[in-house]
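Peer 1: Data file query.txt (compact mmCIF, C-alpha atoms) is appended below.
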# COMPACT_ATOMS: atom_id res chain seq x y z
CA MET M 19 13.57 -22.80 -23.76
CA LYS M 20 16.53 -20.53 -24.24
CA MET M 21 19.72 -21.94 -22.89
CA GLU M 22 21.56 -18.69 -22.43
CA THR M 23 21.18 -18.53 -18.69
CA LEU M 24 22.48 -22.08 -18.41
CA ARG M 25 25.36 -21.97 -20.84
CA ARG M 26 28.90 -22.08 -19.57
CA GLU M 27 31.03 -19.09 -20.24
CA THR M 28 33.87 -19.90 -22.57
CA GLY M 29 36.09 -17.34 -20.94
CA ASP M 30 36.39 -14.91 -23.83
CA GLY M 31 35.37 -11.33 -23.38
CA LEU M 32 35.45 -9.36 -20.18
CA LYS M 33 33.99 -11.48 -17.43
CA LEU M 34 32.83 -9.93 -14.19
CA ASP M 35 32.24 -11.55 -10.85
CA PRO M 36 28.49 -11.97 -10.11
CA ARG M 37 28.90 -9.94 -6.91
CA THR M 38 30.32 -7.02 -8.90
CA LYS M 39 27.33 -7.18 -11.24
CA LEU M 40 24.95 -7.10 -8.28
CA LEU M 41 26.74 -4.09 -6.80
CA LEU M 42 26.54 -2.30 -10.15
CA MET M 43 22.84 -3.16 -10.45
CA LEU M 44 22.20 -1.80 -6.95
CA THR M 45 24.23 1.37 -7.59
CA ILE M 46 22.39 2.06 -10.85
CA SER M 47 18.98 1.42 -9.36
CA VAL M 48 19.64 3.77 -6.45
CA PHE M 49 21.38 6.60 -8.30
CA VAL M 50 19.97 6.40 -11.83
CA LEU M 51 16.57 4.73 -11.47
CA GLY M 52 15.86 6.17 -8.03
CA SER M 53 17.82 9.32 -8.96
CA ALA M 54 18.98 9.97 -5.40
CA GLY M 55 20.77 13.24 -4.75
CA GLY M 56 21.25 16.35 -6.89
CA GLY M 57 24.21 18.60 -7.71
CA ILE M 58 27.17 16.54 -8.77
CA MET M 59 25.01 13.39 -9.06
CA VAL M 60 23.61 14.82 -12.30
CA TRP M 61 27.05 14.13 -13.77
CA VAL M 62 27.54 10.80 -12.07
CA ARG M 63 24.42 9.32 -13.69
CA PRO M 64 25.65 9.41 -17.31
CA VAL M 65 28.97 7.89 -16.19
CA LEU M 66 27.14 4.94 -14.62
CA SER M 67 24.99 4.61 -17.74
CA VAL M 68 28.08 4.44 -19.95
CA ILE M 69 29.40 1.54 -17.87
CA SER M 70 26.40 -0.64 -18.61
CA PHE M 71 26.79 0.26 -22.30
CA ALA M 72 30.44 -0.82 -22.23
CA LEU M 73 29.60 -4.05 -20.43
CA LEU M 74 26.96 -4.94 -23.03
CA LEU M 75 29.55 -4.38 -25.74
CA CYS M 76 32.05 -6.58 -23.94
CA ASP M 77 29.46 -9.31 -23.64
CA ARG M 78 29.08 -9.10 -27.46
CA ARG M 79 25.48 -7.94 -27.34
CA ILE M 80 26.24 -5.40 -30.03
CA ALA M 81 22.68 -4.80 -31.23
CA ALA M 82 21.34 -4.23 -27.73
CA ALA M 83 24.28 -2.00 -26.85
CA VAL M 84 23.97 0.15 -29.98
CA LEU M 85 20.20 0.56 -29.58
CA TYR M 86 20.61 1.47 -25.95
CA GLY M 87 23.47 3.88 -26.67
CA ALA M 88 21.52 5.62 -29.43
CA ALA M 89 18.28 5.93 -27.46
CA TYR M 90 20.06 7.19 -24.38
CA SER M 91 22.19 9.74 -26.26
CA ILE M 92 19.19 11.12 -28.15
CA CYS M 93 17.17 11.54 -24.98
CA TYR M 94 20.09 13.00 -23.10
CA ALA M 95 20.82 15.49 -25.89
CA ALA M 96 17.14 16.43 -26.18
CA TRP M 97 17.04 17.00 -22.42
CA TRP M 98 19.92 19.48 -22.55
CA PHE M 99 19.49 21.22 -25.88
CA LEU M 100 15.90 20.86 -27.06
CA LEU M 101 14.11 21.34 -23.76
CA PRO M 102 15.03 25.02 -23.13
CA LEU M 103 13.81 25.89 -26.64
CA VAL M 104 10.22 24.65 -26.43
CA THR M 105 7.38 25.52 -24.10
CA GLY M 106 3.89 24.31 -23.20
CA MET M 107 2.56 20.85 -23.93
CA LEU M 108 5.49 19.88 -26.15
CA ASN M 109 7.88 20.75 -23.34
CA PHE M 110 6.00 18.45 -20.96
CA VAL M 111 5.99 15.58 -23.47
CA ILE M 112 9.72 15.87 -24.18
CA LEU M 113 10.55 16.20 -20.50
CA THR M 114 8.51 13.13 -19.57
CA VAL M 115 9.78 10.95 -22.39
CA CYS M 116 13.42 11.93 -21.93
CA SER M 117 13.43 11.59 -18.21
CA LEU M 118 11.68 8.22 -18.39
CA PHE M 119 14.20 6.92 -20.92
CA CYS M 120 17.23 8.36 -19.15
CA ARG M 121 16.05 6.86 -15.88
CA PHE M 122 14.73 3.48 -16.90
CA LEU M 123 16.97 2.44 -19.78
CA PRO M 124 20.24 2.14 -17.81
CA GLY M 125 18.57 0.09 -15.08
CA PHE M 126 16.74 -2.06 -17.58
CA MET M 127 19.84 -2.70 -19.68
CA THR M 128 21.94 -3.50 -16.61
CA GLY M 129 19.27 -5.98 -15.54
CA TYR M 130 19.33 -7.48 -19.03
CA TYR M 131 23.11 -7.72 -18.91
CA LEU M 132 23.01 -9.29 -15.45
CA VAL M 133 20.46 -11.95 -16.43
CA ARG M 134 21.99 -12.76 -19.82
CA SER M 135 25.66 -12.85 -18.88
CA THR M 136 25.44 -14.76 -15.61
CA THR M 137 24.78 -18.48 -15.38
CA VAL M 138 22.64 -19.70 -12.52
CA SER M 139 25.64 -21.57 -11.11
CA GLU M 140 27.77 -18.46 -11.08
CA PHE M 141 25.00 -16.51 -9.41
CA THR M 142 24.56 -19.17 -6.74
CA ALA M 143 28.31 -19.34 -6.16
CA GLY M 144 28.44 -15.56 -5.74
CA MET M 145 25.57 -15.51 -3.27
CA ARG M 146 27.12 -18.39 -1.29
CA ARG M 147 30.35 -16.46 -0.94
CA MET M 148 28.34 -13.64 0.58
CA HIS M 149 26.96 -16.11 3.14
CA ILE M 150 23.34 -15.52 2.19
CA SER M 151 20.91 -18.17 3.39
CA ASP M 152 19.70 -20.86 0.98
CA LYS M 153 16.16 -19.76 1.74
CA ILE M 154 16.82 -16.58 -0.22
CA VAL M 155 19.43 -17.87 -2.70
CA ILE M 156 17.36 -20.72 -4.17
CA PRO M 157 14.16 -18.70 -4.83
CA LEU M 158 16.23 -15.81 -6.21
CA SER M 159 18.18 -18.00 -8.60
CA VAL M 160 15.00 -19.74 -9.75
CA MET M 161 13.43 -16.34 -10.43
CA PHE M 162 16.53 -15.29 -12.24
CA ARG M 163 16.31 -18.33 -14.46
CA PHE M 164 12.57 -17.97 -14.85
CA PHE M 165 12.04 -14.40 -16.08
CA PRO M 166 13.24 -15.09 -19.64
CA THR M 167 11.01 -18.19 -19.75
CA VAL M 168 7.89 -16.32 -18.65
CA ALA M 169 8.60 -13.54 -21.16
CA GLU M 170 9.04 -16.08 -23.94
CA GLU M 171 5.86 -17.97 -23.09
CA SER M 172 4.05 -14.66 -22.98
CA ARG M 173 5.19 -13.93 -26.55
CA PHE M 174 3.95 -17.32 -27.77
CA VAL M 175 0.54 -16.83 -26.17
CA GLN M 176 0.39 -13.31 -27.58
CA ASP M 177 1.04 -14.63 -31.10
CA ALA M 178 -1.57 -17.34 -30.72
CA MET M 179 -4.18 -14.92 -29.43
CA ARG M 180 -3.44 -12.34 -32.09
CA MET M 181 -4.45 -14.92 -34.67
CA ARG M 182 -7.80 -15.15 -32.89
CA GLY M 183 -8.12 -11.38 -32.82
CA ILE M 184 -7.63 -10.95 -29.10
CA ARG M 185 -5.47 -7.96 -28.30
CA LEU M 186 -5.64 -4.60 -26.59
CA GLY M 187 -7.95 -2.30 -28.51
CA SER M 188 -9.88 -5.03 -30.30
CA ARG M 189 -13.50 -5.92 -29.62
CA LYS M 190 -12.51 -8.76 -27.33
CA SER M 191 -10.06 -6.72 -25.28
CA SER M 192 -12.09 -7.24 -22.10
CA ARG M 193 -11.10 -10.88 -22.19
CA ILE M 194 -7.38 -10.11 -22.17
CA LEU M 195 -7.12 -11.35 -18.61
CA GLU M 196 -8.72 -14.69 -19.33
CA TYR M 197 -7.04 -15.31 -22.67
CA ARG M 198 -3.60 -13.87 -22.11
CA VAL M 199 -2.66 -13.87 -18.43
CA ILE M 200 -4.08 -17.24 -17.47
CA PRO M 201 -2.51 -19.28 -20.31
CA VAL M 202 0.86 -17.71 -19.48
CA MET M 203 0.43 -18.65 -15.84
CA THR M 204 -0.57 -22.20 -16.73
CA CYS M 205 2.50 -22.62 -18.95
CA ALA M 206 4.74 -21.02 -16.34
CA VAL M 207 3.52 -23.33 -13.58
CA LYS M 208 3.96 -26.43 -15.76
CA ILE M 209 7.48 -25.40 -16.74
CA GLY M 210 8.16 -24.63 -13.11
CA ASP M 211 7.19 -28.15 -12.10
CA GLU M 212 9.56 -29.59 -14.69
CA LEU M 213 12.31 -27.22 -13.61
CA SER M 214 11.84 -28.23 -10.02
CA ALA M 215 11.96 -31.94 -10.90
CA ALA M 216 15.17 -31.35 -12.86
CA ALA M 217 16.75 -29.41 -10.01
CA LEU M 218 15.81 -32.06 -7.45
CA THR M 219 17.31 -34.76 -9.66
CA ARG M 220 20.54 -32.83 -9.54
CA GLY M 221 20.45 -32.81 -5.78
CA LEU M 222 19.06 -29.42 -4.88
CA GLY M 223 16.92 -30.80 -2.05
CA ALA M 224 19.67 -33.01 -0.64
CA PRO M 225 20.61 -32.38 2.97
CA VAL M 226 24.28 -31.85 2.13
CA ARG M 227 26.25 -28.81 1.11
CA ARG M 228 26.34 -28.58 -2.69
CA THR M 229 29.62 -28.02 -4.42
CA ASN M 230 30.07 -25.64 -7.29
CA LEU M 231 32.53 -25.77 -10.18
CA CYS M 232 32.33 -22.12 -11.16
CA GLU M 233 35.48 -20.15 -10.68
CA ILE M 234 34.49 -16.75 -9.45
CA GLY M 235 36.70 -14.12 -7.95
CA PHE M 236 37.56 -10.46 -8.18
CA ARG M 237 39.91 -9.45 -10.98
CA ALA M 238 41.21 -6.16 -12.37
CA GLN M 239 37.98 -5.38 -14.25
CA ASP M 240 35.93 -6.10 -11.10
CA ILE M 241 38.06 -3.73 -9.06
CA ALA M 242 37.58 -1.01 -11.69
CA VAL M 243 33.78 -1.36 -11.70
CA ILE M 244 33.63 -1.55 -7.91
CA ALA M 245 35.77 1.59 -7.68
CA VAL M 246 33.32 3.48 -9.91
CA CYS M 247 30.36 2.28 -7.83
CA LEU M 248 32.05 3.30 -4.58
CA SER M 249 33.02 6.70 -5.95
CA ALA M 250 29.39 7.26 -6.99
CA ALA M 251 28.34 6.49 -3.42
CA LEU M 252 31.10 8.76 -2.10
CA CYS M 253 29.97 11.62 -4.36
CA PHE M 254 26.46 11.12 -3.03
CA LEU M 255 27.61 11.24 0.59
CA LEU M 256 29.75 14.35 0.02
CA GLN M 257 26.91 16.05 -1.82
CA GLN M 258 24.41 15.21 0.92
CA THR M 259 26.67 16.54 3.66
CA GLY M 260 27.28 19.68 1.61
CA GLN M 261 30.99 19.20 0.93
CA ILE M 262 30.63 19.59 -2.85
CA MET F 29 1.73 -31.79 -7.56
CA SER F 30 -0.75 -32.87 -4.98
CA THR F 31 1.29 -35.60 -3.30
CA ASN F 32 3.66 -34.19 -0.77
CA LEU F 33 6.31 -36.69 0.20
CA HIS F 34 8.03 -34.38 2.62
CA ASN F 35 6.19 -34.13 5.86
CA SER F 36 8.92 -32.26 7.66
CA LYS F 37 8.34 -28.77 8.98
CA THR F 38 11.42 -27.29 7.37
CA LEU F 39 11.36 -25.88 3.87
CA THR F 40 12.66 -28.30 1.26
CA GLY F 41 14.31 -27.53 -2.06
CA LYS F 42 11.00 -27.97 -3.83
CA ASP F 43 9.28 -25.39 -1.62
CA LEU F 44 12.04 -22.89 -2.28
CA ILE F 45 11.83 -23.48 -6.04
CA ASN F 46 8.07 -22.92 -5.89
CA ILE F 47 8.63 -19.63 -4.07
CA GLY F 48 10.95 -18.50 -6.85
CA ILE F 49 8.54 -19.48 -9.61
CA TYR F 50 5.52 -17.79 -8.08
CA THR F 51 7.45 -14.65 -7.21
CA ALA F 52 8.47 -14.42 -10.87
CA ILE F 53 4.86 -14.84 -12.04
CA TYR F 54 3.60 -12.32 -9.46
CA PHE F 55 6.22 -9.82 -10.54
CA VAL F 56 5.43 -10.21 -14.24
CA ILE F 57 1.76 -9.49 -13.51
CA MET F 58 2.75 -6.41 -11.50
CA MET F 59 4.90 -5.22 -14.38
CA LEU F 60 1.85 -5.40 -16.67
CA VAL F 61 -0.07 -2.94 -14.50
CA GLY F 62 2.90 -0.95 -13.17
CA TRP F 63 3.19 0.95 -16.46
CA LEU F 64 -0.11 2.66 -15.65
CA GLY F 65 1.77 4.65 -13.00
CA PHE F 66 3.11 6.99 -15.66
CA MET F 67 -0.23 8.76 -15.52
CA PRO F 68 -0.56 10.50 -12.15
CA VAL F 69 -4.20 9.50 -11.59
CA PHE F 70 -3.24 5.82 -11.70
CA ILE F 71 -0.71 6.03 -8.88
CA PRO F 72 -3.30 5.82 -6.07
CA LEU F 73 -5.29 3.36 -8.19
CA LEU F 74 -2.36 0.94 -8.12
CA ALA F 75 -3.44 0.19 -4.55
CA VAL F 76 -6.60 -1.23 -6.13
CA VAL F 77 -5.28 -2.89 -9.28
CA VAL F 78 -2.23 -4.68 -7.89
CA PRO F 79 -4.11 -6.49 -5.07
CA LEU F 80 -6.90 -7.41 -7.47
CA LEU F 81 -4.72 -8.97 -10.18
CA GLY F 82 -2.07 -10.19 -7.75
CA GLY F 83 -4.81 -12.33 -6.23
CA ILE F 84 -4.64 -14.75 -9.17
CA PRO F 85 -1.02 -15.89 -8.78
CA PHE F 86 -1.17 -15.55 -5.01
CA MET F 87 -4.18 -17.84 -4.58
CA LEU F 88 -2.51 -20.34 -6.88
CA PHE F 89 0.66 -20.04 -4.79
CA LEU F 90 -1.29 -20.67 -1.58
CA THR F 91 -2.34 -24.09 -2.86
CA LYS F 92 1.36 -25.02 -2.60
CA VAL F 93 1.95 -23.44 0.80
CA LYS F 94 1.90 -25.99 3.58
CA LYS F 95 4.78 -24.85 5.76
CA PHE F 96 5.64 -21.81 7.82
CA GLY F 97 7.95 -19.27 6.19
CA MET F 98 7.04 -19.45 2.51
CA VAL F 99 4.84 -16.34 2.45
CA THR F 100 7.31 -14.27 4.47
CA ILE F 101 10.06 -15.15 2.00
CA ILE F 102 7.90 -14.14 -0.97
CA GLY F 103 7.21 -10.81 0.78
CA ILE F 104 10.92 -10.16 1.28
CA LEU F 105 11.71 -11.17 -2.32
CA ILE F 106 9.11 -8.77 -3.71
CA GLY F 107 10.70 -6.07 -1.55
CA ILE F 108 14.13 -6.87 -3.00
CA ILE F 109 12.81 -6.69 -6.58
CA MET F 110 11.09 -3.38 -5.82
CA LEU F 111 14.40 -2.04 -4.51
CA LEU F 112 16.20 -3.22 -7.65
CA THR F 113 13.55 -1.70 -9.92
CA GLY F 114 13.92 1.66 -8.19
CA MET F 115 10.75 1.79 -6.10
CA GLY F 116 12.54 2.46 -2.82
CA TYR F 117 13.49 0.34 0.15
CA TRP F 118 10.27 0.61 2.18
CA THR F 119 8.72 -2.37 0.42
CA ILE F 120 11.24 -4.78 1.95
CA LEU F 121 9.90 -3.76 5.36
CA THR F 122 6.20 -3.85 4.44
CA GLY F 123 6.69 -7.07 2.44
CA ALA F 124 8.30 -8.81 5.41
CA VAL F 125 5.80 -7.50 7.97
CA PHE F 126 2.64 -8.23 6.01
CA GLY F 127 4.11 -11.51 4.78
CA LEU F 128 4.60 -12.57 8.39
CA LEU F 129 1.07 -11.47 9.39
CA THR F 130 -0.36 -13.41 6.42
CA GLU F 131 1.64 -16.40 7.51
CA LEU F 132 0.13 -16.28 11.01
CA VAL F 133 -3.41 -16.12 9.59
CA LEU F 134 -2.73 -19.09 7.32
CA LYS F 135 -1.19 -21.05 10.15
CA SER F 136 -4.26 -20.47 12.32
CA GLY F 137 -6.26 -22.20 9.57
CA SER F 138 -3.53 -24.88 9.38
CA TYR F 139 -3.02 -23.94 5.69
CA GLN F 140 -6.33 -25.58 4.75
CA SER F 141 -9.00 -22.96 5.32
CA GLN F 142 -10.43 -21.47 2.11
CA SER F 143 -11.83 -18.34 3.74
CA LYS F 144 -8.57 -17.68 5.54
CA SER F 145 -6.63 -17.84 2.29
CA VAL F 146 -8.90 -15.15 0.83
CA LEU F 147 -8.25 -13.07 3.95
CA ALA F 148 -4.55 -13.87 3.49
CA ASN F 149 -4.51 -12.21 0.07
CA GLY F 150 -6.08 -9.13 1.64
CA LEU F 151 -3.39 -8.94 4.29
CA PHE F 152 -0.54 -9.77 1.96
CA SER F 153 -1.64 -7.15 -0.59
CA MET F 154 -0.99 -4.44 1.97
CA TRP F 155 2.72 -4.63 1.05
CA VAL F 156 1.78 -2.29 -1.85
CA PHE F 157 1.58 0.43 0.75
CA GLY F 158 5.39 0.44 0.96
CA ASN F 159 5.51 2.03 -2.49
CA PHE F 160 3.48 4.99 -1.25
CA ILE F 161 5.47 5.75 1.90
CA PRO F 162 7.83 8.21 0.09
CA PHE F 163 4.79 10.43 -0.46
CA PHE F 164 4.44 10.85 3.27
CA VAL F 165 7.87 10.39 4.81
CA GLY F 166 10.08 13.08 3.30
CA ARG F 167 7.25 14.27 1.05
CA GLU F 168 8.83 17.63 0.15
CA ALA F 169 12.10 16.13 -1.07
CA TYR F 170 10.27 13.42 -3.01
CA LEU F 171 8.00 15.90 -4.78
CA ALA F 172 10.94 18.18 -5.58
CA ASP F 173 12.66 15.17 -7.10
CA LEU F 174 9.55 14.33 -9.16
CA THR F 175 9.41 17.91 -10.43
CA GLN F 176 12.98 17.65 -11.58
CA ARG F 177 12.27 14.36 -13.34
CA PHE F 178 8.83 14.78 -14.86
CA GLY F 179 8.19 18.52 -14.67
CA ALA F 180 6.03 20.60 -12.36
CA GLY F 181 2.80 19.48 -14.09
CA TYR F 182 3.27 15.83 -13.18
CA SER F 183 4.39 16.39 -9.61
CA SER F 184 1.68 18.92 -8.72
CA ALA F 185 -0.98 16.68 -10.28
CA LEU F 186 0.39 13.76 -8.30
CA ALA F 187 0.57 15.83 -5.10
CA GLY F 188 -3.11 16.66 -5.68
CA TYR F 189 -4.01 12.97 -6.01
CA MET F 190 -1.91 12.00 -2.99
CA PRO F 191 -2.81 14.27 -0.05
CA TYR F 192 -1.85 13.19 3.47
CA TRP F 193 -5.29 11.88 4.37
CA ILE F 194 -5.21 9.35 1.53
CA LEU F 195 -2.58 7.28 3.36
CA PRO F 196 -5.00 5.29 5.60
CA VAL F 197 -7.51 5.15 2.74
CA LEU F 198 -4.96 3.43 0.49
CA LEU F 199 -4.09 0.97 3.23
CA VAL F 200 -7.76 0.04 3.70
CA LEU F 201 -8.38 -0.04 -0.06
CA SER F 202 -5.49 -2.40 -0.67
CA PHE F 203 -6.90 -4.71 2.01
CA ILE F 204 -10.46 -4.65 0.62
CA PHE F 205 -9.35 -5.15 -2.96
CA GLY F 206 -6.94 -7.80 -1.78
CA ILE F 207 -9.93 -9.74 -0.48
CA LEU F 208 -11.79 -9.19 -3.75
CA GLY F 209 -8.64 -10.27 -5.60
CA GLY F 210 -8.53 -13.36 -3.40
CA LEU F 211 -12.10 -14.21 -4.40
CA LEU F 212 -11.26 -13.57 -8.05
CA GLY F 213 -8.15 -15.72 -7.75
CA ARG F 214 -10.10 -18.51 -6.09
CA GLY F 215 -12.71 -18.38 -8.83
CA ILE F 216 -10.07 -18.54 -11.53
CA CYS F 217 -8.28 -21.38 -9.77
CA LYS F 218 -11.55 -23.32 -9.81
CA LYS F 219 -12.48 -22.43 -13.36
CA HIS F 220 -9.13 -22.77 -15.09
CA PHE F 221 -6.31 -24.20 -13.06
CA GLU F 222 -8.11 -27.16 -11.54
CA ARG F 223 -9.35 -28.09 -14.97
CA ALA F 224 -5.85 -27.83 -16.36
CA GLY F 225 -4.67 -30.04 -13.52
CA ILE F 226 -2.09 -27.72 -12.05
CA VAL F 227 -3.54 -27.19 -8.60
Show the structure stored in the file as structure tokens.
Peer 2:
Amino acid sequence: MKMETLRRETGDGLKLDPRTKLLLMLTISVFVLGSAGGGIMVWVRPVLSVISFALLLCDRRIAAAVLYGAAYSICYAAWWFLLPLVTGMLNFVILTVCSLFCRFLPGFMTGYYLVRSTTVSEFTAGMRRMHISDKIVIPLSVMFRFFPTVAEESRFVQDAMRMRGIRLGSRKSSRILEYRVIPVMTCAVKIGDELSAAALTRGLGAPVRRTNLCEIGFRAQDIAVIAVCLSAALCFLLQQTGQI
Amino acid sequence: MSTNLHNSKTLTGKDLINIGIYTAIYFVIMMLVGWLGFMPVFIPLLAVVVPLLGGIPFMLFLTKVKKFGMVTIIGILIGIIMLLTGMGYWTILTGAVFGLLTELVLKSGSYQSQSKSVLANGLFSMWVFGNFIPFFVGREAYLADLTQRFGAGYSSALAGYMPYWILPVLLVLSFIFGILGGLLGRGICKKHFERAGIV
């Protein structure tokens, strides 16, 4: 199991409050992924996308940040400069690929940043401060912790099955469901049971209010990110009411 | 874990952890089929595929559900993930409503009845419908937006596959295939998960 979601931050780098990260995630999924609004929002989207690039850099995920930056810039450039030059089928292919990448990459990378840079404790502390019920906080933080695990198990099963010649496109591809999905689920459920035993040992089910050592709070960098998110929302409102 | 030490009616930490784990598994399975949606013809077919495959984790989840509230929470959580992955906010509503209905059906069978848990997957699967609502509420704006994103070819093809009358059809389809998915899930639980000792 990877320990990244559990590790304690050492304090170096630019650290954001978990609530700020959630707000950024929400803003990007509404305005970039959901691409709400037109007009000025066309210019707001790249700005939001640059923020997640900068945050990845600050979290020292250089490789991810560079890949993301390159893919996004190429697609964005192709969208503006290549698209008017070609017609027909090629035009459709470029349009689809570019718009998929420009839409999904920022959201995906922000999600990656959110999961990788936030410990479960920080996340829980942030949600508590927002007075969200335990009935939502606990399942959400388990999910949060669990996605990387499921993805990792899925890779292991994929490797094992590839050795047996079971993959999409092979003769046995009809058995993908039985040989790929079910082993992953079995592993996931077993790990889940262990996770739940570990959490209960540390007092998750206890009928008292849990304390939390994480120091979270809004700092200068949080205020900057929040300001950008709010101005994106403001641009959207102004554009919708026809002011801009 | 078959032994349940907590007999109380309220949800314990363990129940909440289970909800989180099964929502994650359910979501990963949806991600596997969600990519099909990039081809217009598969968009209405998602109402068939998601209930069918979702039946596997859902039936496994139901073996852990013994208290009121767990299915409603999973519905709301799926809605929240759909919002965060850019599928619109309608799913939170449909997830909560159909989650609650499912819950009532399960409760009427006191969380034991096998046939009612198959029916439960049918009812629960109807949350998928929330993803289709943008095609009908504010259709013009949504299609214009699709044209801008994927080109006129994609959006007019999609508009052809998603006429107004398909709305009730999709709702019924997701229910029927939810029941089939429930049967599939039950079969797989028997064949694989009981043998592996995780039910």
Peer 1: What separation in Å, quoted to one decimal, exists between atom CA of Glu140 of chain M and atom CA of Gly125 of chain M?
Peer 2: 21.1 Å
Peer 1: Which is closer to chain M than all the others in F:Trp118, F:Tyr50, F:Phe164, F:Phe203, using only C-alpha atoms?
Peer 2: F:Tyr50
Peer 1: What does the distance between atom CA of Ile209 of chain M and atom CA of Asp77 of chain M come to in Å, to one decimal place?
Peer 2: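 Calculated distance between atom CA of Ile209 of chain M and atom CA of Asp77 of chain M is 28.1 Å.
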Peer 1: Using only C-alpha atoms, determine which residues lie at most 10 Å from segment 99-114 of chain F, disregarding the query and same-chain residues fewer than 6 positions distant; provide the list as a PyMOL selection string.
Peer 2: (chain M and resi 40+43-53+121-122+125-126+129+153-154+157-158+161) or (chain F and resi 44+47-48+50-52+54-55+86+89-90+93+120-132+134+148+152-153+155-156+158-159)
Peer 1: What is the distance between atom CA of Ile150 of chain M and atom CA of Lys94 of chain F, in Å to one decimal?
Peer 2: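 For atom CA of Ile150 of chain M relative to atom CA of Lys94 of chain F, the distance reads 23.9 Å.
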Peer 1: Just checking: using all atoms listed in the file, which residue out of M:Gly210, M:Pro166, M:Gly144, M:Gly183 ends up closest to chain F?
Peer 2: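 Under the stated criterion, the closest residue is M:Gly210.
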